[in-house]
Every structure is written in C-alpha cells, then in structure tokens.
$ cat coords_31.json   # JSON, C-alpha atoms
[["chain", "number", "residue", "atom", "x", "y", "z"],
["N", 1, "MET", "CA", -54.20, -32.65, 5.35],
["N", 2, "ASN", "CA", -56.23, -35.76, 6.23],
["N", 3, "LEU", "CA", -55.93, -37.08, 2.69],
["N", 4, "ILE", "CA", -52.13, -36.93, 2.69],
["N", 5, "THR", "CA", -51.75, -38.05, 6.30],
["N", 6, "GLY", "CA", -53.95, -41.07, 5.56],
["N", 7, "LEU", "CA", -51.77, -41.90, 2.56],
["N", 8, "GLN", "CA", -48.60, -41.57, 4.65],
["N", 9, "VAL", "CA", -49.98, -43.96, 7.28],
["N", 10, "ALA", "CA", -51.07, -46.43, 4.59],
["N", 11, "PHE", "CA", -47.54, -46.39, 3.15],
["N", 12, "GLU", "CA", -45.97, -46.87, 6.59],
["N", 13, "GLN", "CA", -48.28, -49.82, 7.33],
["N", 14, "GLY", "CA", -47.77, -51.41, 3.92],
["N", 15, "GLN", "CA", -51.45, -51.04, 3.04],
["N", 16, "VAL", "CA", -51.01, -49.27, -0.28],
["N", 17, "SER", "CA", -49.30, -50.36, -3.45],
["N", 18, "PHE", "CA", -49.21, -49.14, -7.02],
["N", 19, "PRO", "CA", -47.57, -50.04, -10.33],
["N", 20, "LYS", "CA", -44.06, -48.68, -10.86],
["N", 21, "ILE", "CA", -45.13, -45.76, -13.04],
["N", 22, "PRO", "CA", -42.20, -43.33, -13.35],
["N", 23, "VAL", "CA", -44.34, -40.17, -13.23],
["N", 24, "MET", "CA", -46.08, -41.36, -10.03],
["N", 25, "ILE", "CA", -42.79, -42.23, -8.35],
["N", 26, "ASP", "CA", -41.34, -38.84, -9.33],
["N", 27, "GLU", "CA", -44.37, -37.00, -7.94],
["N", 28, "LEU", "CA", -44.33, -38.97, -4.68],
["N", 29, "GLN", "CA", -40.64, -38.25, -4.19],
["N", 30, "ALA", "CA", -41.00, -34.53, -4.97],
["N", 31, "PHE", "CA", -44.18, -33.93, -2.94],
["N", 32, "GLU", "CA", -43.56, -31.69, 0.05],
["N", 33, "TYR", "CA", -45.18, -29.81, 2.88],
["N", 34, "GLU", "CA", -44.66, -26.43, 4.46],
["N", 35, "MET", "CA", -45.70, -25.26, 7.91],
["N", 36, "LEU", "CA", -47.39, -21.89, 7.65],
["N", 37, "THR", "CA", -47.15, -19.13, 10.25],
["N", 38, "SER", "CA", -50.71, -20.03, 11.28],
["N", 39, "GLY", "CA", -49.48, -23.48, 12.33],
["N", 40, "LYS", "CA", -51.33, -25.20, 9.49],
["N", 41, "PHE", "CA", -49.59, -27.21, 6.80],
["N", 42, "ARG", "CA", -49.61, -26.69, 3.05],
["N", 43, "TYR", "CA", -49.05, -29.82, 0.96],
["N", 44, "SER", "CA", -48.05, -29.46, -2.68],
["N", 45, "ALA", "CA", -45.62, -30.24, -5.44],
["N", 46, "PRO", "CA", -42.68, -27.89, -5.83],
["N", 47, "GLU", "CA", -42.91, -25.21, -8.49],
["N", 48, "GLY", "CA", -42.66, -26.77, -11.94],
["N", 49, "TYR", "CA", -43.90, -30.17, -10.76],
["N", 50, "HIS", "CA", -47.35, -31.73, -10.62],
["N", 51, "ASP", "CA", -49.15, -33.57, -7.84],
["N", 52, "ASP", "CA", -52.04, -35.15, -9.75],
["N", 53, "CYS", "CA", -50.82, -38.71, -9.16],
["N", 54, "VAL", "CA", -50.22, -38.09, -5.46],
["N", 55, "ILE", "CA", -53.70, -36.65, -4.96],
["N", 56, "SER", "CA", -55.28, -39.44, -7.03],
["N", 57, "LEU", "CA", -53.54, -42.09, -4.95],
["N", 58, "GLY", "CA", -54.61, -40.29, -1.78],
["N", 59, "LEU", "CA", -58.23, -40.18, -2.96],
["N", 60, "ALA", "CA", -58.17, -43.86, -3.88],
["N", 61, "ASN", "CA", -56.74, -44.70, -0.46],
["N", 62, "TRP", "CA", -59.39, -42.54, 1.25],
["N", 63, "ALA", "CA", -62.17, -44.26, -0.70],
["N", 64, "VAL", "CA", -60.93, -47.72, 0.25],
["N", 65, "GLU", "CA", -60.63, -46.77, 3.93],
["N", 66, "HIS", "CA", -64.05, -45.13, 4.11],
["N", 67, "LEU", "CA", -66.06, -47.37, 1.80],
["N", 68, "ILE", "CA", -64.87, -50.53, 3.50],
["N", 69, "THR", "CA", -65.72, -49.07, 6.91],
["N", 70, "GLU", "CA", -69.14, -47.77, 5.80],
["N", 71, "GLU", "CA", -70.12, -50.93, 3.90],
["N", 72, "SER", "CA", -69.12, -53.21, 6.74],
["N", 73, "THR", "CA", -71.39, -51.31, 9.15],
["N", 74, "ASN", "CA", -74.41, -50.96, 6.84],
["N", 75, "VAL", "CA", -77.22, -53.47, 7.05],
["N", 76, "TRP", "CA", -78.84, -54.16, 3.69]]

$ encode --input "coords_31.json" --output "structure tokens"
Amino acid sequence: MNLITGLQVAFEQGQVSFPKIPVMIDELQAFEYEMLTSGKFRYSAPEGYHDDCVISLGLANWAVEHLITEESTNVW
C-alpha cells in the first residue's frame, strides 16, 4: 500500500516522470484497487493485464524518496 500511495502522491505533486512507453501508460491506466472486507486494500492489475511497470515505477520512486532522505542525513 505504501509503495502505491507514495507513487500516487508523487504523481499529484509532479515529482515523477517517465518516457511515454505505451505498455507503461496502459498499465498505469488499468491499475486498480479493491477494498477488502477487512478494511485493507488490494492493489493489482485487472485479470489479463500486468502490473510490472507500475510496481517498477513505484519501487524507483520509493528508492529516490528514501535514498535521498537517508543520504542527506548520513555523515561520511
């Protein structure tokens, strides 16, 4: 959940960009979430679709957010 939420915020704040790769755009547009009876959310691509590009972009965004924060606070 944190990975996708972080990516959503980055998009809203204009902090993430990517090349116009058709498969990535298709995956981002198809990606969805479902609220489970437990109150938790399930994030995934619909049946028959993939979410590799979405997850990769989310991981890249997470790395940038966390590595910049960690490196800026470390004393070498």

$ residues_around --input "coords_31.json" --residues "Ser44 (chain N)" --least-positions-apart "5" --cutoff "10 Å" --atoms "all atoms listed in the file" --output "short mmCIF file (atom, residue, chain, number, x, y, z; two decimals) with C-alpha atoms, keeping the file's coordinate frame"
data_model
loop_
_atom_site.label_atom_id
_atom_site.label_comp_id
_atom_site.auth_asym_id
_atom_site.auth_seq_id
_atom_site.Cartn_x
_atom_site.Cartn_y
_atom_site.Cartn_z
CA GLU N 27 -44.37 -37.00 -7.94
CA ALA N 30 -41.00 -34.53 -4.97
CA PHE N 31 -44.18 -33.93 -2.94
CA GLU N 32 -43.56 -31.69 0.05
CA TYR N 33 -45.18 -29.81 2.88
CA GLU N 34 -44.66 -26.43 4.46
CA TYR N 49 -43.90 -30.17 -10.76
CA HIS N 50 -47.35 -31.73 -10.62
CA ASP N 51 -49.15 -33.57 -7.84
CA ASP N 52 -52.04 -35.15 -9.75
CA VAL N 54 -50.22 -38.09 -5.46
CA ILE N 55 -53.70 -36.65 -4.96
#

$ atom_distance --input "coords_31.json" --atom1 "CA of His66 (chain N)" --atom2 "CA of Glu12 (chain N)"
18.3 Å

$ atom_distance --input "coords_31.json" --atom1 "CA of Ile68 (chain N)" --atom2 "CA of Ile21 (chain N)"
26.2 Å

$ closest_residue --input "coords_31.json" --among "N:Pro22, N:Gly14, N:Gly58, N:Gly39" --to "Asn2 (chain N)" --atoms "all atoms listed in the file"
N:Gly58

$ atom_distance --input "coords_31.json" --atom1 "CA of Phe11 (chain N)" --atom2 "CA of Leu28 (chain N)"
11.3 Å

$ closest_residue --input "coords_31.json" --among "N:Trp62, N:Cys53, N:Gly48, N:Ile4" --to "Phe18 (chain N)" --atoms "only C-alpha atoms"
N:Cys53

$ build_atoms --input "coords_31.json" --residues "region 38-68 of chain N" --atoms "N, CA and C atoms" --output "compact mmCIF listing (two decimals), in the coordinates of the input"
# COMPACT_ATOMS: atom_id res chain seq x y z
N SER N 38 -49.48 -19.75 10.52
CA SER N 38 -50.71 -20.03 11.28
C SER N 38 -50.64 -21.36 12.02
N GLY N 39 -49.60 -22.17 11.73
CA GLY N 39 -49.48 -23.48 12.33
C GLY N 39 -50.06 -24.59 11.48
N LYS N 40 -50.76 -24.22 10.42
CA LYS N 40 -51.33 -25.20 9.49
C LYS N 40 -50.25 -25.62 8.50
N PHE N 41 -50.53 -26.71 7.79
CA PHE N 41 -49.59 -27.21 6.80
C PHE N 41 -50.14 -27.00 5.41
N ARG N 42 -49.25 -26.76 4.46
CA ARG N 42 -49.61 -26.69 3.05
C ARG N 42 -48.87 -27.84 2.36
N TYR N 43 -49.62 -28.69 1.70
CA TYR N 43 -49.05 -29.82 0.96
C TYR N 43 -49.13 -29.51 -0.52
N SER N 44 -48.03 -29.74 -1.24
CA SER N 44 -48.05 -29.46 -2.68
C SER N 44 -46.78 -29.99 -3.34
N ALA N 45 -46.81 -29.94 -4.65
CA ALA N 45 -45.62 -30.24 -5.44
C ALA N 45 -44.80 -28.97 -5.54
N PRO N 46 -43.49 -29.09 -5.64
CA PRO N 46 -42.68 -27.89 -5.83
C PRO N 46 -43.02 -27.21 -7.16
N GLU N 47 -42.66 -25.95 -7.27
CA GLU N 47 -42.91 -25.21 -8.49
C GLU N 47 -42.32 -25.95 -9.68
N GLY N 48 -43.11 -26.08 -10.73
CA GLY N 48 -42.66 -26.77 -11.94
C GLY N 48 -43.00 -28.25 -11.95
N TYR N 49 -43.52 -28.77 -10.85
CA TYR N 49 -43.90 -30.17 -10.76
C TYR N 49 -45.42 -30.26 -10.64
N HIS N 50 -45.92 -31.48 -10.76
CA HIS N 50 -47.35 -31.73 -10.62
C HIS N 50 -47.58 -32.66 -9.44
N ASP N 51 -48.82 -32.67 -8.95
CA ASP N 51 -49.15 -33.57 -7.84
C ASP N 51 -50.43 -34.37 -8.12
N ASP N 52 -50.81 -34.44 -9.38
CA ASP N 52 -52.04 -35.15 -9.75
C ASP N 52 -52.02 -36.61 -9.31
N CYS N 53 -50.92 -37.29 -9.53
CA CYS N 53 -50.82 -38.71 -9.16
C CYS N 53 -50.87 -38.90 -7.65
N VAL N 54 -50.22 -38.00 -6.92
CA VAL N 54 -50.22 -38.09 -5.46
C VAL N 54 -51.64 -37.92 -4.93
N ILE N 55 -52.33 -36.91 -5.42
CA ILE N 55 -53.70 -36.65 -4.96
C ILE N 55 -54.62 -37.79 -5.38
N SER N 56 -54.45 -38.31 -6.58
CA SER N 56 -55.28 -39.44 -7.03
C SER N 56 -55.07 -40.67 -6.16
N LEU N 57 -53.83 -40.95 -5.83
CA LEU N 57 -53.54 -42.09 -4.95
C LEU N 57 -54.12 -41.85 -3.56
N GLY N 58 -54.02 -40.62 -3.07
CA GLY N 58 -54.61 -40.29 -1.78
C GLY N 58 -56.12 -40.45 -1.78
N LEU N 59 -56.77 -40.02 -2.85
CA LEU N 59 -58.23 -40.18 -2.96
C LEU N 59 -58.63 -41.64 -3.04
N ALA N 60 -57.87 -42.42 -3.79
CA ALA N 60 -58.17 -43.86 -3.88
C ALA N 60 -58.01 -44.52 -2.51
N ASN N 61 -56.96 -44.16 -1.80
CA ASN N 61 -56.74 -44.70 -0.46
C ASN N 61 -57.87 -44.30 0.48
N TRP N 62 -58.29 -43.03 0.42
CA TRP N 62 -59.39 -42.54 1.25
C TRP N 62 -60.67 -43.32 0.96
N ALA N 63 -60.96 -43.53 -0.32
CA ALA N 63 -62.17 -44.26 -0.70
C ALA N 63 -62.15 -45.67 -0.15
N VAL N 64 -61.02 -46.35 -0.27
CA VAL N 64 -60.93 -47.72 0.25
C VAL N 64 -61.14 -47.72 1.76
N GLU N 65 -60.49 -46.82 2.47
CA GLU N 65 -60.63 -46.77 3.93
C GLU N 65 -62.07 -46.50 4.34
N HIS N 66 -62.72 -45.54 3.70
CA HIS N 66 -64.05 -45.13 4.11
C HIS N 66 -65.15 -46.03 3.56
N LEU N 67 -65.02 -46.51 2.36
CA LEU N 67 -66.06 -47.37 1.80
C LEU N 67 -66.08 -48.72 2.49
N ILE N 68 -64.92 -49.25 2.80
CA ILE N 68 -64.87 -50.53 3.50
C ILE N 68 -65.49 -50.38 4.88
